[in-house]
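Next up, work-v6.cif (mmCIF, C-alpha atoms and all ligand atoms):
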```
data_query
#
loop_
_atom_site.label_atom_id
_atom_site.label_comp_id
_atom_site.auth_asym_id
_atom_site.auth_seq_id
_atom_site.Cartn_x
_atom_site.Cartn_y
_atom_site.Cartn_z
CA VAL A 363 0.00 0.00 0.00
CA PRO A 364 1.57 3.36 -0.97
CA LEU A 365 1.97 5.77 1.92
CA PRO A 366 0.23 9.13 1.53
CA ASP A 367 2.42 11.78 0.02
CA PHE A 368 3.51 14.68 2.26
CA PRO A 369 5.65 16.91 0.02
CA ALA A 370 8.57 18.33 2.01
CA THR A 371 8.27 22.07 2.52
CA ALA A 372 9.92 24.81 4.53
CA LEU A 373 8.86 28.33 5.48
CA THR A 374 9.87 31.07 3.05
CA ARG A 375 11.58 34.26 4.18
CA ASP A 376 8.25 36.15 4.14
CA GLU A 377 6.62 33.42 6.21
CA LEU A 378 9.46 33.53 8.74
CA GLU A 379 9.02 37.30 8.98
CA LEU A 380 5.36 36.72 9.76
CA VAL A 381 6.38 34.32 12.57
CA ALA A 382 8.59 37.06 14.05
CA GLU A 383 5.79 39.64 13.72
CA VAL A 384 3.31 37.47 15.62
CA GLU A 385 5.90 36.60 18.27
CA THR A 386 6.62 40.28 18.88
CA PHE A 387 2.92 41.11 19.17
CA LEU A 388 2.33 38.26 21.64
CA ARG A 389 5.36 39.20 23.73
CA GLN A 390 3.97 42.74 24.03
CA GLU A 391 0.50 41.47 24.88
CA LEU A 392 1.86 39.10 27.52
CA SER A 393 4.10 41.67 29.14
CA GLY A 394 1.20 44.15 29.23
CA GLY A 395 -1.13 41.59 30.80
CA GLY A 396 -3.26 41.51 27.63
CA TYR A 397 -4.25 37.90 28.27
CA GLU A 398 -3.74 34.91 30.54
CA PRO A 399 -2.10 31.98 28.63
CA SER A 400 -4.26 28.88 28.74
CA LEU A 401 -4.37 25.29 27.54
CA THR A 402 -7.87 25.97 26.17
CA ALA A 403 -6.74 28.84 23.94
CA ALA A 404 -8.76 27.71 20.92
CA THR A 405 -12.02 27.75 22.85
CA THR A 406 -11.46 30.70 25.20
CA MET A 407 -13.68 33.51 23.93
CA ASP A 408 -12.25 37.04 24.17
CA PRO A 409 -13.90 39.30 21.57
CA GLY A 410 -11.49 42.16 22.42
CA PHE A 411 -8.45 40.00 21.74
CA SER A 412 -9.99 38.73 18.48
CA ALA A 413 -10.57 42.37 17.43
CA LYS A 414 -6.89 43.17 18.09
CA LEU A 415 -5.78 40.26 15.90
CA ALA A 416 -8.28 41.28 13.21
CA ALA A 417 -6.87 44.80 13.19
CA ARG A 418 -3.52 43.26 12.25
CA GLY A 419 -5.11 41.25 9.46
CA TRP A 420 -4.76 37.93 11.28
CA VAL A 421 -8.41 36.87 11.25
CA GLY A 422 -9.93 35.58 8.01
CA MET A 423 -6.54 36.23 6.51
CA ALA A 424 -7.07 33.73 3.67
CA LEU A 425 -10.50 35.16 2.73
CA PRO A 426 -10.93 37.24 -0.45
CA ARG A 427 -9.89 40.89 -0.37
CA ARG A 428 -13.27 42.16 -1.54
CA PHE A 429 -14.70 41.09 1.83
CA GLY A 430 -11.83 42.59 3.81
CA GLY A 431 -9.76 39.39 3.94
CA GLY A 432 -6.07 39.31 3.17
CA ALA A 433 -6.22 36.71 0.35
CA ARG A 434 -3.24 35.20 2.16
CA SER A 435 -2.19 31.59 1.93
CA ALA A 436 -3.16 28.62 4.12
CA VAL A 437 0.50 28.52 5.18
CA ASP A 438 0.34 32.15 6.38
CA ARG A 439 -2.70 31.19 8.44
CA PHE A 440 -0.85 28.13 9.73
CA VAL A 441 2.08 30.31 10.82
CA VAL A 442 -0.13 32.78 12.72
CA THR A 443 -2.23 30.03 14.31
CA GLU A 444 0.79 28.07 15.42
CA GLN A 445 2.24 31.05 17.28
CA LEU A 446 -1.09 31.95 18.90
CA LEU A 447 -1.64 28.40 20.14
CA ARG A 448 1.92 27.97 21.37
CA GLN A 449 1.50 31.09 23.48
CA GLY A 450 -1.95 30.05 24.73
CA ALA A 451 -3.68 33.15 23.33
CA PRO A 452 -7.50 33.33 23.63
CA ILE A 453 -8.66 32.87 20.05
CA GLY A 454 -11.96 31.06 20.65
CA HIS A 455 -14.22 33.95 19.65
CA HIS A 456 -13.17 33.87 15.99
CA TRP A 457 -11.77 30.32 15.88
CA VAL A 458 -14.60 28.40 14.16
CA ALA A 459 -15.35 31.27 11.77
CA ASP A 460 -11.68 31.63 10.86
CA ARG A 461 -10.91 27.93 10.52
CA GLN A 462 -13.98 26.64 8.74
CA THR A 463 -17.16 28.76 8.48
CA GLY A 464 -15.45 31.68 6.68
CA PRO A 465 -13.79 29.41 4.07
CA MET A 466 -17.07 27.47 3.67
CA LEU A 467 -19.02 30.70 3.08
CA ALA A 468 -16.38 31.87 0.61
CA ARG A 469 -16.64 28.57 -1.25
CA PHE A 470 -20.32 27.66 -1.06
CA GLY A 471 -22.13 30.79 0.15
CA THR A 472 -24.38 32.99 -2.00
CA PRO A 473 -23.13 36.52 -2.81
CA ILE A 474 -25.68 37.88 -0.31
CA GLN A 475 -24.42 35.56 2.46
CA GLN A 476 -20.83 36.46 1.66
CA GLU A 477 -21.61 40.21 1.87
CA ARG A 478 -23.49 39.67 5.11
CA PHE A 479 -21.05 37.46 7.02
CA LEU A 480 -17.51 37.60 5.65
CA PRO A 481 -16.67 41.24 6.49
CA SER A 482 -17.75 40.73 10.12
CA ILE A 483 -15.78 37.46 10.30
CA VAL A 484 -12.70 39.30 9.09
CA ARG A 485 -13.26 41.96 11.78
CA GLY A 486 -13.27 39.11 14.34
CA GLU A 487 -16.81 39.98 15.42
CA THR A 488 -19.09 37.08 14.60
CA ALA A 489 -18.84 33.77 16.44
CA PHE A 490 -20.17 30.54 14.93
CA ALA A 491 -20.76 27.14 16.53
CA VAL A 492 -20.67 23.77 14.74
CA GLY A 493 -23.96 21.84 14.83
CA ILE A 494 -23.26 18.34 13.58
CA SER A 495 -23.42 15.89 16.54
CA GLU A 496 -26.76 14.84 18.00
CA PRO A 497 -27.76 12.78 21.05
CA ASP A 498 -28.02 9.63 18.88
CA SER A 499 -25.59 10.55 16.16
CA GLY A 500 -21.87 11.26 16.39
CA SER A 501 -19.43 9.28 14.29
CA ASP A 502 -22.10 8.33 11.80
CA VAL A 503 -22.90 11.84 10.59
CA SER A 504 -25.30 10.52 7.94
CA SER A 505 -27.67 9.29 10.69
CA ILE A 506 -28.57 12.79 11.96
CA ARG A 507 -32.28 13.35 12.51
CA THR A 508 -32.69 17.10 13.00
CA SER A 509 -35.21 17.95 10.31
CA ALA A 510 -35.83 21.06 8.24
CA LEU A 511 -39.20 21.07 6.49
CA PRO A 512 -39.90 23.52 3.68
CA VAL A 513 -42.49 26.26 4.33
CA ALA A 514 -43.22 29.52 2.52
CA GLY A 515 -39.97 31.52 2.39
CA GLY A 516 -37.84 29.09 4.35
CA TRP A 517 -37.59 26.05 6.60
CA ILE A 518 -38.88 24.92 10.00
CA VAL A 519 -36.17 23.17 11.99
CA ASN A 520 -36.84 20.62 14.74
CA GLY A 521 -34.29 18.49 16.57
CA ALA A 522 -31.37 18.56 18.99
CA LYS A 523 -27.64 19.05 18.67
CA THR A 524 -25.18 18.11 21.38
CA TRP A 525 -21.55 18.67 22.43
CA THR A 526 -21.91 22.05 20.72
CA THR A 527 -18.79 23.95 21.74
CA ASN A 528 -19.45 27.55 22.82
CA ALA A 529 -23.02 27.67 21.43
CA HIS A 530 -23.92 29.73 24.52
CA LEU A 531 -21.43 32.41 23.48
CA SER A 532 -21.98 32.29 19.70
CA ARG A 533 -24.50 34.10 17.56
CA TRP A 534 -24.81 31.50 14.79
CA LEU A 535 -25.02 27.72 14.52
CA VAL A 536 -24.05 26.01 11.27
CA CYS A 537 -26.65 23.31 11.64
CA LEU A 538 -26.63 20.09 9.64
CA CYS A 539 -30.25 19.17 8.93
CA ARG A 540 -32.19 16.55 7.03
CA THR A 541 -34.07 18.47 4.33
CA ALA A 542 -35.37 15.42 2.45
CA GLU A 543 -36.45 11.99 3.67
CA GLY A 544 -35.91 8.68 1.91
CA GLY A 545 -33.08 7.58 -0.36
CA GLU A 546 -29.48 7.22 0.74
CA PRO A 547 -28.85 8.63 4.28
CA ARG A 548 -26.08 10.86 2.91
CA GLN A 549 -28.49 12.47 0.48
CA GLY A 550 -31.03 15.00 1.68
CA LEU A 551 -28.66 16.71 4.13
CA SER A 552 -28.20 20.49 4.12
CA GLN A 553 -26.39 23.10 6.19
CA LEU A 554 -28.55 25.89 7.58
CA LEU A 555 -27.28 29.00 9.31
CA VAL A 556 -29.39 29.21 12.46
CA ASP A 557 -29.52 32.47 14.40
CA LEU A 558 -29.14 31.29 18.00
CA ASP A 559 -31.28 34.24 19.15
CA SER A 560 -34.26 32.85 17.18
CA PRO A 561 -37.49 31.89 18.99
CA GLY A 562 -37.53 28.13 19.63
CA VAL A 563 -33.79 27.76 20.39
CA THR A 564 -32.88 26.47 23.87
CA ILE A 565 -29.24 26.14 24.92
CA ARG A 566 -28.34 24.05 27.99
CA ALA A 567 -24.88 23.74 29.52
CA ILE A 568 -23.06 20.39 29.77
CA GLU A 569 -20.16 20.64 32.23
CA PHE A 570 -16.72 19.20 31.49
CA LEU A 571 -14.98 16.83 33.93
CA ASP A 572 -13.17 19.82 35.40
CA GLY A 573 -16.45 21.70 35.86
CA HIS A 574 -15.98 24.35 33.21
CA HIS A 575 -18.69 25.19 30.71
CA GLU A 576 -17.88 24.93 27.04
CA PHE A 577 -20.22 22.20 25.82
CA ASN A 578 -23.95 22.59 25.23
CA ASP A 579 -27.10 20.84 24.20
CA VAL A 580 -28.95 22.94 21.63
CA VAL A 581 -32.64 22.12 21.25
CA LEU A 582 -34.42 23.47 18.18
CA GLN A 583 -38.19 23.59 18.31
CA ASP A 584 -40.05 24.96 15.28
CA VAL A 585 -37.20 27.35 14.50
CA PHE A 586 -37.78 29.31 11.29
CA VAL A 587 -34.76 29.69 8.99
CA PRO A 588 -35.29 31.81 5.86
CA ASP A 589 -34.27 30.41 2.46
CA GLU A 590 -31.42 32.89 2.18
CA LEU A 591 -29.70 31.23 5.17
CA VAL A 592 -29.22 27.84 3.56
CA LEU A 593 -25.46 27.49 3.19
CA GLY A 594 -24.60 26.08 -0.24
CA ARG A 595 -26.81 23.64 -2.09
CA VAL A 596 -29.99 22.14 -0.61
CA GLY A 597 -29.07 18.45 -0.44
CA GLY A 598 -25.34 19.20 -0.67
CA GLY A 599 -24.70 18.93 3.09
CA TRP A 600 -22.71 15.71 3.03
CA GLU A 601 -20.09 16.86 0.49
CA GLN A 602 -19.85 20.26 2.19
CA ILE A 603 -19.33 18.76 5.66
CA MET A 604 -16.63 16.41 4.36
CA SER A 605 -14.63 19.32 2.93
CA GLU A 606 -15.22 21.32 6.13
CA LEU A 607 -13.78 18.49 8.24
CA VAL A 608 -10.56 18.51 6.20
CA LEU A 609 -10.09 22.13 7.31
CA GLU A 610 -10.90 21.15 10.90
CA ARG A 611 -8.61 18.15 11.18
CA SER A 612 -5.15 19.16 10.07
CA SER A 613 -4.75 22.48 11.84
CA PRO A 614 -2.11 23.07 14.57
CA ASP A 615 -4.71 22.81 17.37
CA ARG A 616 -4.55 19.04 16.80
CA TRP A 617 -0.96 18.81 18.04
CA LEU A 618 -0.37 21.90 20.16
CA SER A 619 -3.03 21.41 22.88
CA VAL A 620 -0.44 20.68 25.59
CA TYR A 621 2.49 22.71 24.33
CA LEU A 622 2.28 25.22 27.22
CA LEU A 623 2.36 22.33 29.69
CA PHE A 624 5.46 20.85 28.10
CA GLU A 625 7.19 24.23 28.01
CA GLU A 626 6.43 24.72 31.70
CA PHE A 627 7.82 21.26 32.40
CA VAL A 628 11.09 22.09 30.63
CA ARG A 629 11.25 25.46 32.41
CA THR A 630 10.64 24.21 35.93
CA MET A 631 12.20 20.76 35.92
CA ALA A 632 15.18 21.93 33.84
CA PRO A 633 15.94 18.35 32.83
CA THR A 634 19.40 17.31 33.83
CA ASP A 635 19.29 13.57 34.30
CA ASP A 636 19.56 11.40 31.20
CA ARG A 637 16.07 10.00 31.43
CA LEU A 638 14.44 13.47 31.40
CA LEU A 639 16.77 14.69 28.68
CA ASP A 640 15.82 11.67 26.61
CA LEU A 641 12.12 12.43 27.15
CA VAL A 642 12.55 16.08 26.13
CA GLY A 643 14.62 15.15 23.07
CA ARG A 644 12.21 12.51 21.86
CA THR A 645 9.19 14.73 22.44
CA CYS A 646 10.71 17.67 20.55
CA ALA A 647 11.71 15.42 17.64
CA GLN A 648 8.22 13.95 17.40
CA TRP A 649 6.62 17.38 17.68
CA TRP A 650 8.80 18.72 14.90
CA ALA A 651 7.98 15.79 12.61
CA ILE A 652 4.21 16.17 13.17
CA ARG A 653 4.48 19.91 12.64
CA HIS A 654 6.08 19.28 9.26
CA LEU A 655 3.28 16.94 8.25
CA SER A 656 0.71 19.58 9.25
CA LEU A 657 2.63 22.31 7.41
CA SER A 658 2.77 20.10 4.33
CA VAL A 659 -1.05 19.78 4.42
CA ALA A 660 -1.35 23.59 4.54
CA ARG A 661 0.96 23.85 1.52
CA MET A 662 -1.16 21.26 -0.32
CA LEU A 663 -4.30 23.34 0.39
CA ASP A 664 -2.51 26.33 -1.18
CA HIS A 665 -1.85 24.23 -4.26
CA GLY A 666 -5.57 23.60 -4.63
CA HIS A 667 -5.71 20.06 -3.20
CA LEU A 668 -8.14 18.78 -0.55
CA PRO A 669 -5.90 16.23 1.20
CA ALA A 670 -8.50 14.33 3.28
CA THR A 671 -6.25 11.30 3.91
CA GLN A 672 -3.24 13.34 4.97
CA SER A 673 -5.40 15.55 7.15
CA ALA A 674 -6.88 12.51 8.94
CA LEU A 675 -3.39 11.12 9.45
CA VAL A 676 -2.12 14.37 11.00
CA LYS A 677 -5.03 14.41 13.44
CA ASP A 678 -4.57 10.75 14.35
CA VAL A 679 -0.82 11.02 14.93
CA GLY A 680 -1.03 14.50 16.49
CA THR A 681 -3.75 13.75 19.04
CA ARG A 682 -2.25 10.41 20.12
CA PHE A 683 1.04 12.21 20.58
CA GLU A 684 -0.59 14.90 22.74
CA GLN A 685 -2.10 12.26 25.00
CA HIS A 686 1.24 10.47 25.22
CA VAL A 687 2.94 13.70 26.35
CA VAL A 688 0.41 14.10 29.18
CA GLN A 689 0.87 10.48 30.22
CA GLN A 690 4.66 10.73 30.26
CA LEU A 691 4.70 13.99 32.22
CA THR A 692 2.27 12.51 34.75
CA GLU A 693 4.73 9.65 35.33
CA VAL A 694 7.67 12.01 35.68
CA VAL A 695 6.06 14.68 37.89
CA ARG A 696 4.86 11.93 40.26
CA GLN A 697 2.49 14.21 42.21
CA ALA A 698 -1.21 13.49 41.89
CA PRO A 699 -2.11 16.45 39.66
CA SER A 700 -4.30 18.99 41.39
CA ARG A 701 -6.04 22.02 39.94
CA ASP A 702 -5.42 23.88 43.21
CA ALA A 703 -1.70 23.07 43.38
CA GLU A 704 0.70 25.90 43.99
CA SER A 705 2.94 25.12 41.06
CA LEU A 706 1.77 26.13 37.60
CA LEU A 707 3.16 22.87 36.21
CA GLU A 708 0.91 20.77 38.44
CA ARG A 709 -2.13 22.93 37.70
CA LEU A 710 -1.54 22.66 33.95
CA LEU A 711 -0.96 18.92 34.26
CA ALA A 712 -4.23 18.51 36.17
CA GLN A 713 -6.11 20.48 33.52
CA ALA A 714 -4.46 18.51 30.68
CA SER A 715 -5.18 15.16 32.36
CA LEU A 716 -8.87 15.96 32.62
CA PHE A 717 -9.10 17.20 29.06
CA ALA A 718 -6.77 14.79 27.23
CA PRO A 719 -9.40 12.09 26.58
CA ALA A 720 -11.22 14.62 24.37
CA PHE A 721 -8.23 15.01 22.01
CA THR A 722 -8.95 11.76 20.18
CA ILE A 723 -12.74 12.31 20.11
CA ARG A 724 -13.38 15.91 19.00
CA GLY A 725 -13.49 16.52 15.26
CA GLY A 726 -14.08 12.79 14.60
CA THR A 727 -12.73 9.92 16.70
CA ASN A 728 -9.45 8.26 15.81
CA GLN A 729 -11.24 5.02 14.93
CA ILE A 730 -13.20 6.95 12.32
CA LEU A 731 -9.97 8.53 11.08
CA HIS A 732 -8.49 5.04 10.70
CA GLY A 733 -11.39 4.15 8.40
CA ILE A 734 -10.75 7.27 6.30
CA LEU A 735 -7.05 6.43 6.21
CA ALA A 736 -7.63 2.84 5.14
CA LYS A 737 -9.96 3.91 2.33
CA GLY A 738 -7.63 6.75 1.26
CA LEU A 739 -4.59 4.47 1.13
CA ARG A 740 -6.43 1.83 -0.88
CA ALA A 741 -7.74 4.36 -3.44
C1 LIG A 801 -14.06 18.54 23.14
C2 LIG A 801 -15.11 18.20 22.14
C3 LIG A 801 -15.71 19.21 21.39
C4 LIG A 801 -16.72 18.90 20.48
N1 LIG A 801 -17.34 19.93 19.82
C5 LIG A 801 -18.33 19.65 18.94
C6 LIG A 801 -19.01 20.72 18.27
O1 LIG A 801 -18.73 21.90 18.48
N2 LIG A 801 -20.00 20.40 17.41
C7 LIG A 801 -20.37 19.11 17.14
O2 LIG A 801 -21.24 18.89 16.34
N3 LIG A 801 -19.78 18.07 17.81
C8 LIG A 801 -18.76 18.32 18.70
N4 LIG A 801 -18.15 17.28 19.38
C9 LIG A 801 -18.66 15.93 19.22
C10 LIG A 801 -17.74 14.98 18.46
O3 LIG A 801 -17.68 15.31 17.08
C11 LIG A 801 -18.28 13.56 18.68
O4 LIG A 801 -18.17 13.29 20.08
C12 LIG A 801 -17.52 12.52 17.90
O5 LIG A 801 -17.76 12.67 16.52
C13 LIG A 801 -17.92 11.08 18.33
O6 LIG A 801 -19.29 10.93 18.34
P1 LIG A 801 -20.01 10.29 19.64
O7 LIG A 801 -19.54 11.03 20.83
O8 LIG A 801 -21.48 10.25 19.37
O9 LIG A 801 -19.44 8.81 19.75
P2 LIG A 801 -19.96 7.52 18.94
O10 LIG A 801 -20.11 7.86 17.50
O11 LIG A 801 -21.15 6.97 19.64
O12 LIG A 801 -18.73 6.56 19.10
C14 LIG A 801 -18.52 5.79 20.29
C15 LIG A 801 -17.28 4.93 20.07
O13 LIG A 801 -17.50 4.00 18.99
C16 LIG A 801 -16.49 4.15 18.00
N5 LIG A 801 -17.06 4.00 16.67
C17 LIG A 801 -18.21 4.55 16.20
N6 LIG A 801 -18.39 4.20 14.91
C18 LIG A 801 -17.33 3.44 14.55
C19 LIG A 801 -16.93 2.80 13.32
N7 LIG A 801 -17.66 2.89 12.21
N8 LIG A 801 -15.75 2.12 13.32
C20 LIG A 801 -14.98 2.04 14.43
N9 LIG A 801 -15.32 2.60 15.62
C21 LIG A 801 -16.47 3.30 15.67
C22 LIG A 801 -15.97 5.57 18.17
O14 LIG A 801 -14.63 5.70 17.69
C23 LIG A 801 -16.04 5.75 19.68
O15 LIG A 801 -14.92 5.19 20.28
C24 LIG A 801 -17.14 17.56 20.28
C25 LIG A 801 -16.54 16.53 21.04
C26 LIG A 801 -15.54 16.84 21.96
C27 LIG A 801 -14.94 15.73 22.78
#
```
Have the structure of the file written as structure tokens, please.
Amino acid sequence: VPLPDFPATALTRDELELVAEVETFLRQELSGGGYEPSLTAATTMDPGFSAKLAARGWVGMALPRRFGGGARSAVDRFVVTEQLLRQGAPIGHHWVADRQTGPMLARFGTPIQQERFLPSIVRGETAFAVGISEPDSGSDVSSIRTSALPVAGGWIVNGAKTWTTNAHLSRWLVCLCRTAEGGEPRQGLSQLLVDLDSPGVTIRAIEFLDGHHEFNDVVLQDVFVPDELVLGRVGGGWEQIMSELVLERSSPDRWLSVYLLFEEFVRTMAPTDDRLLDLVGRTCAQWWAIRHLSLSVARMLDHGHLPATQSALVKDVGTRFEQHVVQQLTEVVRQAPSRDAESLLERLLAQASLFAPAFTIRGGTNQILHGILAKGLRA
């Protein structure tokens, strides 16, 4: 079986300058107390911080210029994202819009939708949530039951979404609905842009293991969605979601979730004995290799490819690696991690231990990724 191709690539001089620019900005922000670094950077909502990044052209940077975007490359976005995540910056407010909804609107949206949403995405203003999973439907996306029935001028949506990250803090839900019954389960699916302030929407918190609120149940009861808020083609939901997941799976948040923890470990335990040095060396080497795979995917996107197999592989390798880092540090630190510990290392380790199981579930479980990989390698 041929292995998937990951063309070797390196950052150009301009891209390296962008790295330095973002580093300088983040250093200034950190020294001025502009934000508190966190392991949950990609889901921590701070509209003010998003606006600052947008003012520098770092939100929606790959979107077309006519909507205020920078028409920059996927690699430029990779470079900016990598630095923001490494420094634990709060990018949750614009994260979904920047990573997937903006590009989806640019690709599939009507001109009216693009005019309406893309400029505010580029300004870092509008937050979107992803409405795919349901109480009885997760891995098997084609089994979703939330229905949208046609009525004069639009659709009436009924159903429930679950595990919806930050729905309580977002204005819009990109909601996968069944718009036609019968036929193949993958047919008859459509993506509707649901205003979460609409009558009939109820959002209920689901607490994480560590007690913090990010997840939600979203119940939709007779929610009216006008025709102009159908994203892309009616019945085209399956193909659209599959291309959206490629954008979701290969990005640096799939291998940088515990970077801050590791950095703190190196800083405070200043490894001297051979065993710790070996651990640090191996971890850095693995990180660097995964980073290159992820960078290669970004370069492929810039060359017009949609590398679903490579993207699934990066997420599989990256998330298993992240969990392995947490497991190894837990063995080395030897304290039972506590969220109230005095040392930052122990607090970060406690937070990472409680959250690490999610790494290989969110965005599609690793078992599902293995299926995609097997099919991609056989093709
Ligand atoms: C932190 C986090 C954030 C999330 N945010 C969102 C969000 O914003 N929006 C959203 O829509 N969803 C979100 N999810 C949900 C996530 O996409 C689902 O949890 C995931 O797709 C798995 O679905 P499930 O939980 O229903 O598990 P199930 O599909 O019930 O799977 C249970 C187990 O069976 C295995 N399994 C299932 N089918 C197969 C198969 N065919 N072959 C082999 N093994 C299989 C799975 O790998 C898993 O181990 C989030 C999840 C997490 C953890």
Distance criterion (all atoms listed in the file): nearest to ligand LIG 801 (chain A) out of A:Trp517, A:Trp649, A:Trp457, A:Phe586: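 The shortest atom-to-atom distance to ligand LIG 801 (chain A) comes from A:Trp457.
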Separating atom CA of A:Ile518 from atom CA of A:Arg595, to the nearest tenth of an Å, is a gap of 17.1 Å
What is the distance between atom C9 of ligand LIG 801 (chain A) and atom CA of A:Gln685, in Å to one decimal?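 That distance, rounded to one decimal, is 17.9 Å.
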For ligand LIG 801 (chain A), which residue among A:Ile494, A:Val608, A:Ala632, A:Ala417 is the nearest when counting all atoms listed in the file?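 Using all atoms listed in the file, the shortest distance to ligand LIG 801 (chain A) belongs to A:Ile494.
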Please, which residues have at least one atom within 9 Å of an atom of ligand LIG 801 (chain A), using all atoms listed in the file, listed as a PyMOL selection string? chain A and resi 458+491-503+523-529+537-538+570+576-578+717+719-733
Output stretch 632-643 of chain A as a PDB file, keeping the file's coordinate frame, making sure N, CA and C atoms are there.
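Result file follows (result.pdb):
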```
ATOM      1  N   ALA A 632      13.865  21.760  34.479  1.00  0.00           N
ATOM      2  CA  ALA A 632      15.180  21.930  33.840  1.00  0.00           C
ATOM      3  C   ALA A 632      15.919  20.597  33.730  1.00  0.00           C
ATOM      4  N   PRO A 633      15.476  19.738  32.824  1.00  0.00           N
ATOM      5  CA  PRO A 633      15.940  18.350  32.830  1.00  0.00           C
ATOM      6  C   PRO A 633      17.457  18.252  32.818  1.00  0.00           C
ATOM      7  N   THR A 634      17.955  17.514  33.767  1.00  0.00           N
ATOM      8  CA  THR A 634      19.400  17.310  33.830  1.00  0.00           C
ATOM      9  C   THR A 634      19.736  15.824  33.715  1.00  0.00           C
ATOM     10  N   ASP A 635      18.902  14.984  34.368  1.00  0.00           N
ATOM     11  CA  ASP A 635      19.290  13.570  34.300  1.00  0.00           C
ATOM     12  C   ASP A 635      18.958  13.014  32.913  1.00  0.00           C
ATOM     13  N   ASP A 636      19.632  11.933  32.561  1.00  0.00           N
ATOM     14  CA  ASP A 636      19.560  11.400  31.200  1.00  0.00           C
ATOM     15  C   ASP A 636      18.151  11.004  30.799  1.00  0.00           C
ATOM     16  N   ARG A 637      17.410  10.482  31.770  1.00  0.00           N
ATOM     17  CA  ARG A 637      16.070  10.000  31.430  1.00  0.00           C
ATOM     18  C   ARG A 637      15.175  11.184  31.001  1.00  0.00           C
ATOM     19  N   LEU A 638      15.260  12.306  31.750  1.00  0.00           N
ATOM     20  CA  LEU A 638      14.440  13.470  31.400  1.00  0.00           C
ATOM     21  C   LEU A 638      14.913  14.096  30.098  1.00  0.00           C
ATOM     22  N   LEU A 639      16.242  14.127  29.932  1.00  0.00           N
ATOM     23  CA  LEU A 639      16.770  14.690  28.680  1.00  0.00           C
ATOM     24  C   LEU A 639      16.299  13.865  27.486  1.00  0.00           C
ATOM     25  N   ASP A 640      16.281  12.563  27.668  1.00  0.00           N
ATOM     26  CA  ASP A 640      15.820  11.670  26.610  1.00  0.00           C
ATOM     27  C   ASP A 640      14.350  11.963  26.289  1.00  0.00           C
ATOM     28  N   LEU A 641      13.550  12.150  27.351  1.00  0.00           N
ATOM     29  CA  LEU A 641      12.120  12.430  27.150  1.00  0.00           C
ATOM     30  C   LEU A 641      11.943  13.744  26.382  1.00  0.00           C
ATOM     31  N   VAL A 642      12.680  14.779  26.793  1.00  0.00           N
ATOM     32  CA  VAL A 642      12.550  16.080  26.130  1.00  0.00           C
ATOM     33  C   VAL A 642      12.995  15.967  24.666  1.00  0.00           C
ATOM     34  N   GLY A 643      14.100  15.293  24.435  1.00  0.00           N
ATOM     35  CA  GLY A 643      14.620  15.150  23.070  1.00  0.00           C
ATOM     36  C   GLY A 643      13.644  14.415  22.170  1.00  0.00           C
TER      37      GLY A 643
END
```
